[in-house]
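Structure first, then comments.
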Amino acid sequence: MKSIKKAAVLGSGVMGSGIAAHLANIGIPTLLLDIVPREINENEKKKGLTTEDKAFRNRFSETAAKKLLKQKPAPLTVKDNLSLITTGNFEDDMGKLADVDWVIEVVVENLEIKKKLFETVDLFRKHGSIVSSNTSGISVDAMIEGRSEDFKNHFLGTHFFNPPRYLKLLELIPTKHTNQEVLSFMKTFGEDHLGKGVVIAKDTPNFIANRIGTYGLLVTVREMLKGGYSVGEVDSVTGPLIGRPKSATFRTLDVVGLDTFVHVANNVYEQVEGTEKEVFKIPSFIGKMLEQGWIGSKSGQGFFLKKGKEILELNPNTLEYEERKKLSSPIIEMSKQQKGLNNKMKTLIYGGDRVGNLLWNITSPTLIYSATLLGEIADDIVAIDQAMKWGFGWELGPFETWDAIGLEQSVEKMKVEGIDIPDWILEMLENGFTSFYKKDLNGISYFHKGEYVGINSNHKNIHIKRLKEEKGVIKKNSGASLIDLGDDVALLEFHSQSNAIGLDIIQMINFAVEEVDCNYKGLVIGNQGKNFCVGANLALILMEAQDDNYFEIEMVVRHFQQAMTNIKYSSKPVIAAPFGMTLGGGAEICLPASAIQASSETYMGLVEVGVGLIPGGGGNKELYINHLNGIPNGVEVDLQNVANKVFETIATAKVSTSAEEARLTNFLQSNDGVSVNSDHLLHDAKQKVISMYNTGYQSPKRKKIPITGESGYAALLLGAQTMKYSGYISDHDLKIATKLANVIAGGKLPFGTLVDEQYLLDLEREAFLSLVGEPKSQARMQHMLVKGKPLRN
């Protein structure tokens, strides 16, 4: 199968334009089409437009494209990607489908409208192009009645989750006509290029994730009413406590929108029978909420209402808002003492109190329902588990949850309660299979049709935990581990609290560089935590500062600077693999690396000013050098302009909203790569190491750096003082900016003086230490540690 070089999205609503943006983000030129408006509006009349003007005829797609620049969260990784989206309409531009490789339909959820549109698509599409529908529940088989054989062979459902840039799940729904090669190609393309977690679903109502997710939400609503729990009480125990998103149950419904949720639920309700139909029947109080327009975040109120600083919860019986409540229980505290989600879940589920009963009564039906649907919505348990993890943000899928709480123990409890258990589960237990997943020397296998079989996953997926189990650890301490990544490449993994940098990590960096220099082709610095690294161990710095242990702080900063220098001048390539929050010291670790392979969703910045400091590990110097290196050959270097940009980026604690945006501020350079699929990040970084090694990598030559000196310092300081006099920054902000200006300018030397890196590092360390001693900086550090947000003082 050939690659997809051009695409078309039919339908420019929120979902259609979001898919178009995601395609543009990965560099695919995309045609965005929609219907022609029925009549000219007042604004168009004022402009003198007629029904023949493109501006009128393309109104819907053009408006949708422009909205992409304003939406939050941003659908585009950088605004320039909008240039890859071309707008048009269904009447004038269908002929352009002859040039595209993939046509994605995202129009209204109406079967007849879709069938009519596909009839037109069939006339214009080129032979062999893929066509898909992004339906959330309409039968994909029914859409293609009467279509050509080639159309049918190249057609399938591609169900993206909203917003497409951020949500990982992509459900592929083949029809009985879909060519197997097309399905295989789309699965690989979805993973490798779209960055998705792809599952193959069956052509059933709401497919996998929405079917089970909606069921679980409705079971929770039912249990809330039956058990007399409040909205806030349910949310207090159905979020991170059980491995679910912070939005838990009812906050999730507010974010999704009650109108959308009811539409999805009704789609199943209309197509199923018996007890299942009863569960999908919308409770009357939700119907009343819809009537009053209380549909959640987009209407300003739903299950929750924000009144000033207070968040109130809805009482489903009175439909009045009350003070938000939380469940408390000794069982909750006991669960928090347990190690690992499996043990926490077991403690909670079998707790036997009000919390345990709620969690058992919402979990057990969802597990049974998932088991009942096996074979109907998906061929195996892995697809169901992955769909719920990628689509709904569950840490454990239904069958993983069942293993966590103990299959045998839970089934015994279900039997006592008279719950019907699917025959295949009972047979499985009778034959001695006591878990859905099994881990051995060959990796993880899952139960499938009477035996355990290996999980087929993309070869680019590297699991650090499994790697450690298989190959062991070269060396580790409390903050980091050095691991053999295979193919003569080593991996340095951080695993301190929040991956915060302390002496333990610094020591492991030094050991890793030395070990790799002797025995490996290169080093990858990466991990699979929540974030790559959010900076230095702030609590430790504050504690030492309050105890006046400045000698200790100076020693740690000096060691950190030296470790960064070791990374930079290593004889073997060192590739940083950042993802998520890569802030402060986390960014400083990336900047001196031989190259960066970043996840697409990397939020990188030097944010130390937020805690009353400046970067102390060489970040100022490296970002300045990156800016100098980013100037094309032959272009005259404007040193002051470079200094201004670096100063502004650090002084305003600018953080990129994507890896590509980090390229615009020179945190990433031209030789740095971006992995759209975060699961492939370590693989891609490893391949970069091998490639650089095989092409004769040589460490960079040490060279002197031109600075702006005293005149540059004066210019930077003038800008900061103007901000102060205008009331934009405080006295302490100005003090921090003054220190930063001195470091960026390179002190009070003449303009254009060439200095070595150590000179700049010494300036940086001196400024960092002086700010650590400031009471107002310490107050900022304290506030960040306690409140999790910056203090303006």
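The way I read the labels, and the way they are meant: chains A, B, ... in the order of the structure tokens, residue 1 as the first residue of every chain, and ligand 1 as the first ligand shown, with later ones counted on from there.
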If you run DSSP over the backbone, which residues in segment 124-363 of chain A end up strand (DSSP E)? Put them as a PDB file with C-alpha atoms, in the first residue's frame.
```pdb
ATOM      1  CA  ILE A 130      -9.038   5.069   0.966  1.00  0.00           C
ATOM      2  CA  VAL A 131     -12.414   6.378   2.099  1.00  0.00           C
ATOM      3  CA  SER A 132     -13.556   6.355   5.724  1.00  0.00           C
ATOM      4  CA  SER A 133     -16.366   7.601   7.913  1.00  0.00           C
ATOM      5  CA  PHE A 155     -13.744   1.779   2.796  1.00  0.00           C
ATOM      6  CA  LEU A 156     -13.800   1.488   6.596  1.00  0.00           C
ATOM      7  CA  GLY A 157     -14.802   3.380   9.725  1.00  0.00           C
ATOM      8  CA  THR A 158     -12.100   5.511  11.367  1.00  0.00           C
ATOM      9  CA  HIS A 159     -13.442   6.721  14.707  1.00  0.00           C
ATOM     10  CA  PHE A 160     -11.200   9.464  16.112  1.00  0.00           C
ATOM     11  CA  LEU A 169      -7.630   6.238  20.567  1.00  0.00           C
ATOM     12  CA  LEU A 170      -8.427   5.512  16.939  1.00  0.00           C
ATOM     13  CA  GLU A 171     -10.984   2.761  16.361  1.00  0.00           C
ATOM     14  CA  LEU A 172     -10.842   1.134  12.923  1.00  0.00           C
ATOM     15  CA  ILE A 173     -14.079  -0.511  11.834  1.00  0.00           C
ATOM     16  CA  PRO A 174     -13.745  -2.673   8.729  1.00  0.00           C
ATOM     17  CA  GLY A 197      -3.325   3.804  19.711  1.00  0.00           C
ATOM     18  CA  VAL A 198      -5.274   1.774  17.147  1.00  0.00           C
ATOM     19  CA  VAL A 199      -7.833  -0.932  17.921  1.00  0.00           C
ATOM     20  CA  ILE A 200      -9.888  -2.962  15.468  1.00  0.00           C
ATOM     21  CA  PHE A 304     -21.325  21.362  38.831  1.00  0.00           C
ATOM     22  CA  LEU A 305     -21.703  25.139  38.988  1.00  0.00           C
ATOM     23  CA  LYS A 306     -18.899  27.550  39.783  1.00  0.00           C
ATOM     24  CA  LYS A 307     -20.084  30.417  41.961  1.00  0.00           C
ATOM     25  CA  GLU A 310     -16.763  27.980  45.181  1.00  0.00           C
ATOM     26  CA  ILE A 311     -17.782  24.920  43.154  1.00  0.00           C
ATOM     27  CA  LEU A 312     -21.294  23.655  43.902  1.00  0.00           C
ATOM     28  CA  GLU A 313     -22.762  20.241  43.028  1.00  0.00           C
ATOM     29  CA  LEU A 314     -26.210  19.483  41.661  1.00  0.00           C
ATOM     30  CA  ASN A 315     -28.680  17.616  43.836  1.00  0.00           C
ATOM     31  CA  GLU A 320     -30.720  22.647  43.146  1.00  0.00           C
ATOM     32  CA  TYR A 321     -27.025  23.351  43.672  1.00  0.00           C
ATOM     33  CA  GLU A 322     -25.487  22.595  47.050  1.00  0.00           C
ATOM     34  CA  GLU A 323     -22.104  22.618  48.749  1.00  0.00           C
TER      35      GLU A 323
END
```
Can you list, as a ChimeraX atom specification, every protein, DNA or RNA residue that comes within 12 Å of Lys389 of chain A when you count only C-alpha atoms, leaving out same-chain residues fewer than 5 positions away?
/A:167-170,197-199,208-210,212-213,243-245,382-384,394-401
Dump as a compact mmCIF listing (two decimals), in the first residue's frame, selection limited to N, CA and C atoms:
```
# COMPACT_ATOMS: atom_id res chain seq x y z
N LEU A 167 -6.36 13.12 22.07
CA LEU A 167 -6.85 11.81 22.51
C LEU A 167 -6.26 10.71 21.64
N LYS A 168 -5.75 9.68 22.28
CA LYS A 168 -4.92 8.69 21.61
C LYS A 168 -5.69 7.67 20.80
N LEU A 169 -6.92 7.37 21.18
CA LEU A 169 -7.63 6.24 20.57
C LEU A 169 -8.09 6.52 19.14
N LEU A 170 -7.85 5.54 18.28
CA LEU A 170 -8.43 5.51 16.94
C LEU A 170 -9.01 4.12 16.74
N GLY A 197 -3.18 5.17 19.24
CA GLY A 197 -3.32 3.80 19.71
C GLY A 197 -4.50 3.24 18.94
N VAL A 198 -4.25 2.26 18.08
CA VAL A 198 -5.27 1.77 17.15
C VAL A 198 -5.85 0.44 17.63
N VAL A 199 -7.18 0.35 17.65
CA VAL A 199 -7.83 -0.93 17.92
C VAL A 199 -8.80 -1.24 16.78
N ILE A 208 -16.36 0.18 20.52
CA ILE A 208 -15.86 -0.38 21.79
C ILE A 208 -15.92 0.63 22.93
N ALA A 209 -15.12 1.68 22.84
CA ALA A 209 -14.92 2.57 23.99
C ALA A 209 -16.21 3.27 24.41
N ASN A 210 -16.94 3.85 23.47
CA ASN A 210 -18.17 4.55 23.83
C ASN A 210 -19.25 3.60 24.34
N ILE A 212 -18.79 0.71 26.14
CA ILE A 212 -18.49 0.34 27.53
C ILE A 212 -18.42 1.57 28.43
N GLY A 213 -17.81 2.65 27.92
CA GLY A 213 -17.67 3.86 28.72
C GLY A 213 -19.02 4.46 29.09
N GLY A 243 -7.54 4.94 39.46
CA GLY A 243 -6.84 4.92 38.18
C GLY A 243 -7.62 5.50 37.03
N ARG A 244 -8.50 6.45 37.33
CA ARG A 244 -9.28 7.13 36.29
C ARG A 244 -8.85 8.60 36.25
N PRO A 245 -9.22 9.34 35.21
CA PRO A 245 -8.82 10.75 35.11
C PRO A 245 -9.35 11.59 36.27
N VAL A 382 -7.70 -7.65 24.69
CA VAL A 382 -6.69 -6.60 24.59
C VAL A 382 -7.27 -5.37 23.92
N ALA A 383 -8.03 -5.56 22.84
CA ALA A 383 -8.64 -4.43 22.13
C ALA A 383 -9.58 -3.66 23.05
N ILE A 384 -10.34 -4.38 23.87
CA ILE A 384 -11.28 -3.73 24.80
C ILE A 384 -10.51 -2.94 25.86
N TRP A 394 -8.57 5.45 31.26
CA TRP A 394 -8.48 4.51 32.38
C TRP A 394 -7.04 4.00 32.47
N GLU A 395 -6.52 3.89 33.69
CA GLU A 395 -5.18 3.34 33.86
C GLU A 395 -5.17 1.83 33.62
N LEU A 396 -6.27 1.18 33.99
CA LEU A 396 -6.44 -0.25 33.76
C LEU A 396 -7.71 -0.47 32.96
N GLY A 397 -7.65 -1.29 31.91
CA GLY A 397 -8.85 -1.65 31.17
C GLY A 397 -9.70 -2.60 32.00
N PRO A 398 -10.92 -2.94 31.52
CA PRO A 398 -11.82 -3.81 32.30
C PRO A 398 -11.20 -5.14 32.72
N PHE A 399 -10.53 -5.82 31.80
CA PHE A 399 -9.97 -7.13 32.12
C PHE A 399 -8.70 -7.02 32.97
N GLU A 400 -7.97 -5.92 32.79
CA GLU A 400 -6.82 -5.65 33.67
C GLU A 400 -7.32 -5.34 35.09
N THR A 401 -8.44 -4.61 35.17
CA THR A 401 -9.05 -4.32 36.47
C THR A 401 -9.49 -5.61 37.16
```
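Of the residues under consideration (A:Pro316, A:Leu485, A:Arg792, A:Ala490), A:Pro316 shows the shortest atom-to-atom contact distance to Lys226 of chain A when counting only C-alpha atoms.
The space separating atom CA of Thr565 of chain A from atom CA of Asn531 of chain A comes to 23.5 Å.
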Each segment 396-513 of chain A residue no farther than 12 Å from segment 615-628 of chain A, nearest pair in Å, only C-alpha atoms, as CSV:
```
residue,atom,partner,partner_atom,distance
A:Ile501,CA,A:Gly617,CA,10.8
A:Gly502,CA,A:Gly617,CA,12.0
A:Ile506,CA,A:Gly617,CA,11.0
```
Let me see the file: selected residues, all heavy atoms, as a PDB file, in the first residue's frame.
```pdb
ATOM      1  N   ILE A 501      15.361  16.636  39.749  1.00  0.00           N
ATOM      2  CA  ILE A 501      16.809  16.423  39.684  1.00  0.00           C
ATOM      3  C   ILE A 501      17.466  16.739  41.025  1.00  0.00           C
ATOM      4  O   ILE A 501      17.324  17.839  41.558  1.00  0.00           O
ATOM      5  CB  ILE A 501      17.436  17.315  38.593  1.00  0.00           C
ATOM      6  CG1 ILE A 501      16.798  17.013  37.237  1.00  0.00           C
ATOM      7  CG2 ILE A 501      18.950  17.122  38.524  1.00  0.00           C
ATOM      8  CD1 ILE A 501      17.006  18.096  36.213  1.00  0.00           C
ATOM      9  N   GLY A 502      18.170  15.745  41.540  1.00  0.00           N
ATOM     10  CA  GLY A 502      18.965  15.920  42.740  1.00  0.00           C
ATOM     11  C   GLY A 502      20.353  15.346  42.492  1.00  0.00           C
ATOM     12  O   GLY A 502      20.692  14.957  41.366  1.00  0.00           O
ATOM     13  N   ILE A 506      22.232  13.460  39.155  1.00  0.00           N
ATOM     14  CA  ILE A 506      23.483  14.028  38.621  1.00  0.00           C
ATOM     15  C   ILE A 506      24.594  12.978  38.616  1.00  0.00           C
ATOM     16  O   ILE A 506      25.326  12.830  37.629  1.00  0.00           O
ATOM     17  CB  ILE A 506      23.898  15.270  39.449  1.00  0.00           C
ATOM     18  CG1 ILE A 506      22.876  16.406  39.259  1.00  0.00           C
ATOM     19  CG2 ILE A 506      25.291  15.753  39.044  1.00  0.00           C
ATOM     20  CD1 ILE A 506      23.047  17.571  40.218  1.00  0.00           C
TER      21      ILE A 506
END
```
Best match for closeness to Thr582 of chain A among A:Leu664, A:Cys533, A:Ala378, A:Ala545, counting only C-alpha atoms:
A:Cys533
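When the distance limit is 7 Å and only C-alpha atoms are what count, the residues near Gly257 of chain A, minus those fewer than 4 positions from it on the same chain, are Leu253, Phe261, Ile295, Gly296 and Ser297 of chain A.
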Write to file, as a short mmCIF file (atom, residue, chain, number, x, y, z; two decimals), in the first residue's frame, the residues of the selection just made, with all heavy atoms.
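As a result, again12.cif now contains:
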```cif
data_model
loop_
_atom_site.label_atom_id
_atom_site.label_comp_id
_atom_site.auth_asym_id
_atom_site.auth_seq_id
_atom_site.Cartn_x
_atom_site.Cartn_y
_atom_site.Cartn_z
N LEU A 253 -18.68 14.19 32.45
CA LEU A 253 -19.92 14.45 31.71
C LEU A 253 -20.10 15.94 31.43
O LEU A 253 -20.58 16.32 30.37
CB LEU A 253 -21.12 13.91 32.50
CG LEU A 253 -21.22 12.38 32.57
CD1 LEU A 253 -22.35 11.96 33.50
CD2 LEU A 253 -21.42 11.78 31.20
N PHE A 261 -23.42 13.24 25.38
CA PHE A 261 -23.52 11.99 26.12
C PHE A 261 -24.87 11.32 25.88
O PHE A 261 -24.95 10.11 25.63
CB PHE A 261 -23.32 12.26 27.62
CG PHE A 261 -23.58 11.07 28.49
CD1 PHE A 261 -22.72 9.99 28.49
CD2 PHE A 261 -24.70 11.03 29.31
CE1 PHE A 261 -22.96 8.88 29.29
CE2 PHE A 261 -24.95 9.94 30.11
CZ PHE A 261 -24.08 8.86 30.11
N ILE A 295 -26.08 21.70 30.29
CA ILE A 295 -25.40 20.60 29.61
C ILE A 295 -23.91 20.51 29.93
O ILE A 295 -23.19 19.70 29.35
CB ILE A 295 -25.60 20.69 28.08
CG1 ILE A 295 -25.06 22.01 27.53
CG2 ILE A 295 -27.05 20.48 27.72
CD1 ILE A 295 -25.07 22.09 26.01
N GLY A 296 -23.45 21.34 30.89
CA GLY A 296 -22.04 21.22 31.29
C GLY A 296 -21.23 22.47 31.04
O GLY A 296 -21.76 23.59 31.00
N SER A 297 -19.94 22.27 30.83
CA SER A 297 -18.98 23.38 30.73
C SER A 297 -19.36 24.40 29.67
O SER A 297 -19.22 25.60 29.87
CB SER A 297 -17.58 22.83 30.44
OG SER A 297 -17.19 21.93 31.43
#
```
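Distance check against Leu716 of chain A using only C-alpha atoms: of A:Lys115, A:Lys704, A:His463, A:Lys739, the minimum falls on A:Lys739.
In this comparison, which uses only C-alpha atoms, the residue of A:Ser3, A:Thr51, A:Asn206, A:Gln271 approaching Ser129 of chain A most closely is A:Ser3.
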Can you tell me which residues surround Leu218 of chain A at a distance of at most 12 Å, considering only C-alpha atoms, apart from same-chain residues fewer than 4 positions away, and format the answer as an MDAnalysis selection string?
chainID A and resid 210:214 222:225 249:250 253 261:262 264:266 269 276:283 286 362:363 365:366
